[in-house]
$ cat upload_16.cif   # mmCIF, C-alpha atoms and all ligand atoms
data_input
loop_
_atom_site.label_atom_id
_atom_site.label_comp_id
_atom_site.auth_asym_id
_atom_site.auth_seq_id
_atom_site.Cartn_x
_atom_site.Cartn_y
_atom_site.Cartn_z
CA MET L 213 13.05 141.87 155.05
CA HIS L 214 13.78 139.72 152.01
CA ILE L 215 13.67 141.67 148.72
CA SER L 216 12.08 139.62 145.94
CA VAL L 217 14.44 139.07 143.02
CA LEU L 218 13.36 139.76 139.41
CA TYR L 219 9.96 140.79 140.78
CA GLU L 220 8.63 142.64 137.71
CA GLU L 221 10.02 139.99 135.37
CA VAL L 222 8.25 137.20 137.28
CA ILE L 223 4.90 139.01 137.28
CA THR L 224 5.24 139.78 133.57
CA ALA L 225 6.15 136.18 132.78
CA LEU L 226 3.30 134.61 134.78
CA ARG L 227 0.62 137.07 133.53
CA PRO L 228 -1.59 136.86 136.64
CA ARG L 229 -5.30 137.52 135.94
CA SER L 230 -8.49 137.49 137.92
CA GLY L 231 -9.83 133.96 138.28
CA GLY L 232 -6.33 132.50 137.74
CA ARG L 233 -4.64 129.92 139.99
CA TYR L 234 -1.00 130.17 140.97
CA LEU L 235 1.50 128.04 142.86
CA ASP L 236 4.41 129.72 144.64
CA LEU L 237 6.70 126.84 145.59
CA THR L 238 9.19 128.96 147.53
CA VAL L 239 6.97 131.47 149.26
CA GLY L 240 9.84 132.71 151.53
CA GLY L 241 9.03 136.25 152.66
CA GLY L 242 5.83 136.26 150.57
CA GLY L 243 6.94 139.01 148.16
CA HIS L 244 6.26 137.26 144.85
CA SER L 245 3.02 135.78 146.21
CA GLU L 246 1.89 139.25 147.21
CA GLY L 247 2.51 140.44 143.65
CA LEU L 248 0.59 137.50 142.18
CA LEU L 249 -2.35 138.10 144.52
CA ALA L 250 -2.47 141.83 143.85
CA ALA L 251 -2.29 141.36 140.09
CA SER L 252 -4.93 138.59 140.02
CA SER L 253 -7.44 140.55 142.07
CA PRO L 254 -10.29 140.25 142.90
CA ASP L 255 -10.48 136.45 142.86
CA GLY L 256 -7.17 134.88 141.76
CA LEU L 257 -5.93 132.13 144.09
CA VAL L 258 -2.40 131.37 145.29
CA LEU L 259 -1.15 128.21 146.94
CA GLY L 260 2.13 129.10 148.65
CA THR L 261 4.49 126.38 149.85
CA ASP L 262 7.93 126.33 151.46
CA ALA L 263 9.98 123.75 153.33
CA ASP L 264 10.59 126.28 156.09
CA ALA L 265 7.84 126.61 158.72
CA THR L 266 9.00 130.13 159.65
CA ALA L 267 8.48 131.25 156.03
CA ILE L 268 4.90 129.99 156.26
CA VAL L 269 4.33 131.91 159.51
CA ARG L 270 5.88 135.11 158.10
CA SER L 271 3.86 134.93 154.85
CA THR L 272 0.66 134.17 156.71
CA GLU L 273 1.02 137.53 158.48
CA ARG L 274 2.09 139.45 155.39
CA LEU L 275 -0.64 138.06 153.16
CA ALA L 276 -3.49 137.97 155.71
CA ARG L 277 -5.34 140.79 153.94
CA PHE L 278 -5.96 138.53 150.93
CA GLY L 279 -8.15 136.24 153.10
CA SER L 280 -9.14 132.93 151.50
CA ARG L 281 -7.37 133.80 148.22
CA ILE L 282 -4.09 132.59 149.75
CA VAL L 283 -3.46 129.12 151.17
CA LEU L 284 -0.07 128.40 152.76
CA ARG L 285 1.39 124.95 153.48
CA GLN L 286 4.76 123.65 154.56
CA ALA L 287 6.09 121.36 151.80
CA TRP L 288 9.27 120.55 149.90
CA LEU L 289 9.46 121.39 146.21
CA ASP L 290 9.08 117.75 145.20
CA GLU L 291 6.13 117.20 147.58
CA ALA L 292 4.14 120.22 146.40
CA PRO L 293 2.71 118.76 143.15
CA ASP L 294 1.06 115.91 145.07
CA LEU L 295 -0.21 118.32 147.70
CA ALA L 296 -1.69 120.51 144.97
CA ARG L 297 -3.47 117.54 143.37
CA LYS L 298 -4.78 116.21 146.69
CA THR L 299 -6.13 119.59 147.79
CA GLY L 300 -7.81 120.09 144.40
CA PHE L 301 -5.76 123.21 143.66
CA SER L 302 -4.23 122.09 140.36
CA PRO L 303 -4.13 122.76 137.44
CA PHE L 304 -2.34 126.12 137.71
CA ASP L 305 -2.09 129.04 135.31
CA GLY L 306 1.32 129.91 136.72
CA ILE L 307 3.95 128.28 138.92
CA LEU L 308 7.02 129.93 140.45
CA ALA L 309 10.13 128.45 142.05
CA ASP L 310 12.55 131.10 143.36
CA LEU L 311 15.30 128.80 144.62
CA GLY L 312 17.96 129.10 147.26
CA LEU L 313 17.53 130.83 150.57
CA SER L 314 15.94 134.06 151.74
CA SER L 315 17.66 136.96 153.52
CA ASN L 316 15.50 136.12 156.55
CA GLN L 317 17.13 132.69 156.76
CA LEU L 318 20.64 133.98 156.02
CA GLU L 319 20.46 136.66 158.68
CA ASP L 320 19.19 134.39 161.44
CA ALA L 321 22.38 133.12 163.15
CA ALA L 322 20.46 130.30 164.82
CA ARG L 323 19.72 128.71 161.41
CA GLY L 324 23.42 128.30 160.64
CA PHE L 325 23.36 129.35 156.97
CA SER L 326 25.87 132.20 157.14
CA PHE L 327 29.62 132.18 157.72
CA MET L 328 29.30 135.86 158.69
CA ARG L 329 27.24 135.00 161.78
CA ASP L 330 28.35 132.54 164.41
CA GLY L 331 25.74 129.93 165.20
CA PRO L 332 25.05 126.19 165.19
CA LEU L 333 26.06 124.51 161.91
CA ASP L 334 22.51 123.56 160.93
CA MET L 335 21.38 124.77 157.45
CA ARG L 336 18.12 122.79 157.31
CA PHE L 337 15.27 124.59 155.53
CA ASP L 338 12.92 122.35 157.49
CA ALA L 339 14.44 122.63 160.97
CA SER L 340 12.18 119.86 162.33
CA ARG L 341 13.62 116.89 160.44
CA GLY L 342 16.64 115.49 158.60
CA MET L 343 20.36 115.74 159.25
CA SER L 344 21.96 119.11 160.04
CA ALA L 345 25.16 120.27 158.32
CA ALA L 346 27.10 119.44 161.53
CA GLU L 347 25.73 115.89 161.54
CA ILE L 348 26.69 115.42 157.88
CA VAL L 349 30.17 116.90 158.34
CA ASN L 350 30.90 114.89 161.48
CA SER L 351 29.59 111.56 160.18
CA SER L 352 31.08 111.61 156.64
CA ASP L 353 34.42 110.08 155.71
CA VAL L 354 37.02 112.21 153.93
CA THR L 355 36.26 110.75 150.48
CA SER L 356 32.54 111.60 150.78
CA LEU L 357 33.39 115.09 152.04
CA ILE L 358 35.69 115.71 149.07
CA ALA L 359 32.97 114.52 146.67
CA LEU L 360 30.35 116.71 148.36
CA LEU L 361 32.56 119.83 148.23
CA ARG L 362 33.49 119.24 144.58
CA GLU L 363 30.03 118.27 143.35
CA TYR L 364 27.89 120.86 145.13
CA GLY L 365 30.36 123.73 145.62
CA GLU L 366 32.96 123.27 142.89
CA VAL L 367 35.34 123.99 145.80
CA GLU L 368 38.99 124.51 144.92
CA ARG L 369 41.42 122.50 147.10
CA ALA L 370 38.48 120.30 148.10
CA ARG L 371 40.82 117.56 149.36
CA GLN L 372 42.73 119.91 151.67
CA VAL L 373 39.54 121.50 152.97
CA ALA L 374 37.94 118.07 153.60
CA GLU L 375 41.06 116.80 155.39
CA ALA L 376 41.18 119.91 157.60
CA ILE L 377 37.50 119.51 158.48
CA TRP L 378 38.08 115.84 159.24
CA ALA L 379 41.03 116.65 161.50
CA ALA L 380 39.06 119.32 163.41
CA ARG L 381 35.98 117.19 164.09
CA PRO L 382 33.57 117.66 165.76
CA VAL L 383 32.77 120.86 163.82
CA MET L 384 29.71 122.30 165.49
CA THR L 385 29.48 125.99 164.55
CA THR L 386 29.50 128.16 161.44
CA GLY L 387 32.41 130.18 162.85
CA GLN L 388 34.50 127.06 163.39
CA LEU L 389 33.93 125.91 159.80
CA ARG L 390 34.64 129.38 158.40
CA ASP L 391 37.98 129.52 160.26
CA ILE L 392 39.00 126.06 159.04
CA VAL L 393 38.31 127.05 155.41
CA SER L 394 39.94 130.49 155.75
CA GLY L 395 43.14 128.78 156.87
CA ILE L 396 43.39 126.91 153.55
CA ALA L 397 41.59 128.51 150.66
CA LYS L 398 42.07 132.02 149.31
CA SER L 399 39.36 134.54 148.45
CA ARG L 400 38.33 134.62 144.80
CA GLY L 401 38.18 138.35 144.14
CA HIS L 402 35.75 139.65 146.74
CA ILE L 403 34.20 136.19 147.28
CA HIS L 404 35.08 134.69 150.67
CA PRO L 405 36.54 131.16 150.39
CA ALA L 406 33.87 129.80 152.74
CA THR L 407 31.08 130.79 150.30
CA GLN L 408 31.44 127.67 148.14
CA VAL L 409 31.87 125.35 151.12
CA PHE L 410 28.71 126.68 152.79
CA GLN L 411 26.81 126.43 149.48
CA ALA L 412 27.91 122.80 149.05
CA LEU L 413 26.79 121.84 152.55
CA ARG L 414 23.44 123.63 152.25
CA ILE L 415 22.71 121.85 148.96
CA ALA L 416 23.60 118.48 150.51
CA VAL L 417 21.62 119.07 153.72
CA ASN L 418 18.46 119.98 151.82
CA GLU L 419 19.01 117.64 148.83
CA GLU L 420 18.32 120.68 146.71
CA LEU L 421 19.48 119.36 143.33
CA ARG L 422 17.70 116.03 143.63
CA ARG L 423 14.47 117.71 144.70
CA LEU L 424 14.67 120.16 141.80
CA SER L 425 15.25 117.41 139.20
CA ASP L 426 12.45 115.28 140.64
CA ALA L 427 9.96 118.16 140.80
CA LEU L 428 10.35 119.74 137.36
CA PRO L 429 8.56 117.14 135.17
CA ASP L 430 5.76 116.91 137.74
CA LEU L 431 5.30 120.68 137.68
CA LEU L 432 4.62 120.63 133.95
CA ASP L 433 1.91 118.02 134.62
CA ILE L 434 0.06 120.31 137.05
CA LEU L 435 0.04 123.31 134.70
CA ALA L 436 -3.14 124.13 132.81
CA PRO L 437 -2.79 124.32 129.01
CA GLY L 438 -1.26 127.74 128.28
CA GLY L 439 0.02 127.95 131.88
CA ARG L 440 3.60 128.96 132.63
CA LEU L 441 6.36 127.69 134.90
CA ALA L 442 9.03 130.21 135.97
CA VAL L 443 12.20 129.16 137.78
CA ILE L 444 14.83 131.48 139.29
CA THR L 445 18.21 129.88 139.98
CA PHE L 446 21.26 131.34 141.74
CA HIS L 447 24.13 129.11 140.64
CA SER L 448 25.20 127.10 137.63
CA LEU L 449 24.41 123.67 139.14
CA GLU L 450 20.73 124.57 139.50
CA ASP L 451 20.55 126.41 136.21
CA ARG L 452 22.00 123.42 134.34
CA ILE L 453 19.25 121.18 135.75
CA VAL L 454 16.48 123.61 134.76
CA LYS L 455 17.93 124.22 131.30
CA ARG L 456 18.21 120.48 130.62
CA ALA L 457 14.73 119.66 131.99
CA PHE L 458 13.14 122.45 129.94
CA ARG L 459 14.94 121.19 126.83
CA GLU L 460 13.57 117.68 127.44
CA MET L 461 10.06 119.04 127.95
CA THR L 462 10.17 120.82 124.61
CA VAL L 463 11.77 117.95 122.68
CA ASP L 464 8.42 116.14 122.67
CA ASN L 465 7.16 118.72 120.21
CA ALA L 466 9.78 117.90 117.60
CA VAL L 467 8.51 116.93 114.19
CA GLN L 468 9.29 113.30 113.35
CA PRO L 469 11.64 113.17 110.36
CA GLY L 470 9.96 111.74 107.27
CA PHE L 471 6.46 111.83 108.73
CA GLY L 472 5.88 115.48 109.44
CA ALA L 473 3.44 114.80 112.25
CA PRO L 474 4.04 115.89 115.84
CA VAL L 475 5.30 113.12 118.09
CA LEU L 476 2.60 112.36 120.62
CA SER L 477 3.96 111.54 124.03
CA ALA L 478 2.49 110.83 127.45
CA ARG L 479 3.93 114.11 128.70
CA PRO L 480 2.25 117.41 127.87
CA GLY L 481 4.12 119.48 125.32
CA ALA L 482 5.75 122.76 126.19
CA MET L 483 7.59 125.63 124.60
CA LEU L 484 10.29 127.92 125.90
CA VAL L 485 9.09 131.46 126.57
CA ASN L 486 12.67 132.80 126.63
CA ARG L 487 15.58 131.05 124.92
CA LYS L 488 18.19 132.85 127.02
CA PRO L 489 17.66 133.22 130.76
CA ILE L 490 16.55 136.64 132.03
CA GLY L 491 18.95 138.29 134.49
CA PRO L 492 18.69 141.38 136.68
CA GLY L 493 19.41 144.87 135.35
CA GLU L 494 22.15 147.06 136.78
CA ALA L 495 19.72 148.98 138.99
CA GLU L 496 18.48 145.78 140.64
CA VAL L 497 22.00 144.47 141.27
CA SER L 498 23.10 147.73 142.86
CA SER L 499 20.05 147.92 145.13
CA ASN L 500 20.02 144.17 145.89
CA PRO L 501 23.41 142.48 145.39
CA ARG L 502 21.81 139.09 146.14
CA ALA L 503 20.17 139.32 142.70
CA ARG L 504 23.60 139.32 141.00
CA SER L 505 23.62 135.68 139.94
CA ALA L 506 19.85 135.22 139.42
CA LYS L 507 18.63 133.61 136.18
CA LEU L 508 14.97 133.31 135.26
CA ARG L 509 13.82 130.63 132.82
CA VAL L 510 10.19 130.29 131.75
CA ILE L 511 8.35 127.51 129.93
CA GLU L 512 4.72 127.40 128.73
CA ARG L 513 2.54 124.32 128.50
CA MET L 514 1.03 123.94 125.04
CA GLN L 515 -2.65 124.41 124.44
CA ARG L 516 -4.46 121.11 123.93
CA ILE L 517 -4.63 120.03 120.28
CA ALA L 518 -8.30 119.38 119.45
C1 LIG L 601 14.74 133.01 147.67
S1 LIG L 601 13.61 132.53 148.90
C2 LIG L 601 12.04 132.92 148.19
C3 LIG L 601 11.64 134.35 148.35
C4 LIG L 601 10.26 134.68 147.85
N1 LIG L 601 10.11 134.43 146.43
C5 LIG L 601 9.87 136.13 148.17
O1 LIG L 601 9.57 136.89 147.26
O2 LIG L 601 9.87 136.47 149.35
C6 LIG L 601 13.64 130.80 148.75
C7 LIG L 601 12.72 130.05 149.69
O3 LIG L 601 12.58 128.76 149.14
C8 LIG L 601 12.65 127.78 150.14
N2 LIG L 601 13.23 126.59 149.49
C9 LIG L 601 14.43 126.49 148.88
N3 LIG L 601 14.58 125.28 148.34
C10 LIG L 601 13.43 124.61 148.62
C11 LIG L 601 12.97 123.28 148.33
N4 LIG L 601 13.74 122.42 147.64
N5 LIG L 601 11.75 122.92 148.75
C12 LIG L 601 10.97 123.80 149.43
N6 LIG L 601 11.35 125.05 149.76
C13 LIG L 601 12.57 125.45 149.35
C14 LIG L 601 13.52 128.37 151.22
O4 LIG L 601 13.13 127.85 152.48
C15 LIG L 601 13.22 129.87 151.10
O5 LIG L 601 12.23 130.28 152.01
#
$ encode --input "upload_16.cif" --output "structure tokens"
Amino acid sequence: MHISVLYEEVITALRPRSGGRYLDLTVGGGGHSEGLLAASSPDGLVLGTDADATAIVRSTERLARFGSRIVLRQAWLDEAPDLARKTGFSPFDGILADLGLSSNQLEDAARGFSFMRDGPLDMRFDASRGMSAAEIVNSSDVTSLIALLREYGEVERARQVAEAIWAARPVMTTGQLRDIVSGIAKSRGHIHPATQVFQALRIAVNEELRRLSDALPDLLDILAPGGRLAVITFHSLEDRIVKRAFREMTVDNAVQPGFGAPVLSARPGAMLVNRKPIGPGEAEVSSNPRARSAKLRVIERMQRIA
């Protein structure tokens, strides 16, 4: 089962309370949602979304005991704000995005996320639509492959890896791709050379960075005044996007030089709850190595100025 990362830190940051409303954008195995529901008892509500239909099924079972306090829907990160508005769920007192993939997805060979398990080269969070990793790899030219590997994986020897993939086409399985990469790139310490290549493809397949950038401003809009948005990232590309977006959201509160009055903007104001991202402690990393690179950033929407 997937172990929720930075669990206590998320619950502390979002301050669930009875009567509160929460949005879990990456419900996954349902662990964080379970914590939000338990801590907002007896009548807090959670809307849980995920691009992956199997995550919705799994969480439906796990969270069944909370009855009508939990509503689960399949949706991408950037679709969820609209869904929340249309279903009358917003505004929220707390929103969580715990990005990346769950252990359930990683360990299922048929989903094609892991180079440790041989399976079809798929990697789609929503397995019902869009192009699989194999379709992207086999239909891209070498230049696009190099760009993809560099941009989304910061892959060393990206040109050589892309050329080897190109020469071996069609690449249909995770094992085939892993062997191609292993023949070229070296391990970085204990990190397998295929790690970065698989990360790059997964990000491209699911348009993860674009969806994150598109969703963030919208998420601030669906927060209630005083509500908080917490985002957990697992690599520097995601963290950079969150850090920059949070900085832009707080810039609106700057005092105009010479006037001394707050700048009023169309966007709601916000303040950072933590200047530096929160990471896992040693105990968490040793019991759950997946938490190693996790970074939690939290922002709070300002109270309305009367
Ligand atoms: C790390 S897991 C979440 C685990 C969850 N917080 C828990 O405690 O069980 C990430 C989940 O987010 C989903 N996901 C990742 N990126 C997404 C996106 N852009 N839109 C929608 N879902 C996404 C994945 O399908 C996966 O189920």
$ residues_near_ligand --input "upload_16.cif" --ligand "ligand LIG 601 (chain L)" --cutoff "8 Å" --atoms "only C-alpha atoms and all ligand atoms" --output "PDB file with C-alpha atoms, keeping the file's coordinate frame"
ATOM      1  CA  HIS L 214      13.780 139.720 152.010  1.00  0.00           C
ATOM      2  CA  ILE L 215      13.670 141.670 148.720  1.00  0.00           C
ATOM      3  CA  SER L 216      12.080 139.620 145.940  1.00  0.00           C
ATOM      4  CA  VAL L 217      14.440 139.070 143.020  1.00  0.00           C
ATOM      5  CA  TYR L 219       9.960 140.790 140.780  1.00  0.00           C
ATOM      6  CA  ASP L 236       4.410 129.720 144.640  1.00  0.00           C
ATOM      7  CA  LEU L 237       6.700 126.840 145.590  1.00  0.00           C
ATOM      8  CA  THR L 238       9.190 128.960 147.530  1.00  0.00           C
ATOM      9  CA  VAL L 239       6.970 131.470 149.260  1.00  0.00           C
ATOM     10  CA  GLY L 240       9.840 132.710 151.530  1.00  0.00           C
ATOM     11  CA  GLY L 241       9.030 136.250 152.660  1.00  0.00           C
ATOM     12  CA  GLY L 242       5.830 136.260 150.570  1.00  0.00           C
ATOM     13  CA  GLY L 243       6.940 139.010 148.160  1.00  0.00           C
ATOM     14  CA  HIS L 244       6.260 137.260 144.850  1.00  0.00           C
ATOM     15  CA  SER L 245       3.020 135.780 146.210  1.00  0.00           C
ATOM     16  CA  THR L 261       4.490 126.380 149.850  1.00  0.00           C
ATOM     17  CA  ASP L 262       7.930 126.330 151.460  1.00  0.00           C
ATOM     18  CA  ALA L 263       9.980 123.750 153.330  1.00  0.00           C
ATOM     19  CA  ASP L 264      10.590 126.280 156.090  1.00  0.00           C
ATOM     20  CA  ALA L 267       8.480 131.250 156.030  1.00  0.00           C
ATOM     21  CA  ALA L 287       6.090 121.360 151.800  1.00  0.00           C
ATOM     22  CA  TRP L 288       9.270 120.550 149.900  1.00  0.00           C
ATOM     23  CA  LEU L 289       9.460 121.390 146.210  1.00  0.00           C
ATOM     24  CA  ASP L 290       9.080 117.750 145.200  1.00  0.00           C
ATOM     25  CA  ALA L 309      10.130 128.450 142.050  1.00  0.00           C
ATOM     26  CA  ASP L 310      12.550 131.100 143.360  1.00  0.00           C
ATOM     27  CA  LEU L 311      15.300 128.800 144.620  1.00  0.00           C
ATOM     28  CA  GLY L 312      17.960 129.100 147.260  1.00  0.00           C
ATOM     29  CA  LEU L 313      17.530 130.830 150.570  1.00  0.00           C
ATOM     30  CA  SER L 314      15.940 134.060 151.740  1.00  0.00           C
ATOM     31  CA  SER L 315      17.660 136.960 153.520  1.00  0.00           C
ATOM     32  CA  GLN L 317      17.130 132.690 156.760  1.00  0.00           C
ATOM     33  CA  PHE L 337      15.270 124.590 155.530  1.00  0.00           C
ATOM     34  CA  ASP L 338      12.920 122.350 157.490  1.00  0.00           C
ATOM     35  CA  ASN L 418      18.460 119.980 151.820  1.00  0.00           C
ATOM     36  CA  GLU L 419      19.010 117.640 148.830  1.00  0.00           C
ATOM     37  CA  GLU L 420      18.320 120.680 146.710  1.00  0.00           C
ATOM     38  CA  LEU L 421      19.480 119.360 143.330  1.00  0.00           C
ATOM     39  CA  ARG L 423      14.470 117.710 144.700  1.00  0.00           C
ATOM     40  CA  LEU L 424      14.670 120.160 141.800  1.00  0.00           C
TER      41      LEU L 424
END
$ closest_residue --input "upload_16.cif" --among "L:Ile392, L:Ala322, L:Ala359, L:Leu508" --to "Ala442 of chain L" --atoms "all atoms listed in the file"
L:Leu508
$ residues_around --input "upload_16.cif" --residues "Glu368 of chain L" --least-positions-apart "3" --cutoff "10 Å" --atoms "all atoms listed in the file" --output "number ranges by chain"
L: 361-362, 365, 371-373, 396-398, 405, 408-409
$ write_last_selection --input "upload_16.cif" --atoms "C-alpha atoms" --output "compact mmCIF listing (two decimals), in the frame of the given file"
# COMPACT_ATOMS: atom_id res chain seq x y z
CA LEU L 361 32.56 119.83 148.23
CA ARG L 362 33.49 119.24 144.58
CA GLY L 365 30.36 123.73 145.62
CA ARG L 371 40.82 117.56 149.36
CA GLN L 372 42.73 119.91 151.67
CA VAL L 373 39.54 121.50 152.97
CA ILE L 396 43.39 126.91 153.55
CA ALA L 397 41.59 128.51 150.66
CA LYS L 398 42.07 132.02 149.31
CA PRO L 405 36.54 131.16 150.39
CA GLN L 408 31.44 127.67 148.14
CA VAL L 409 31.87 125.35 151.12
$ closest_residue --input "upload_16.cif" --among "L:His404, L:Arg502, L:Arg285, L:Lys507" --to "Phe327 of chain L" --atoms "all atoms listed in the file"
L:His404
$ closest_residue --input "upload_16.cif" --among "L:Val485, L:Leu249, L:Ala416, L:Ala379" --to "Ala276 of chain L" --atoms "only C-alpha atoms"
L:Leu249
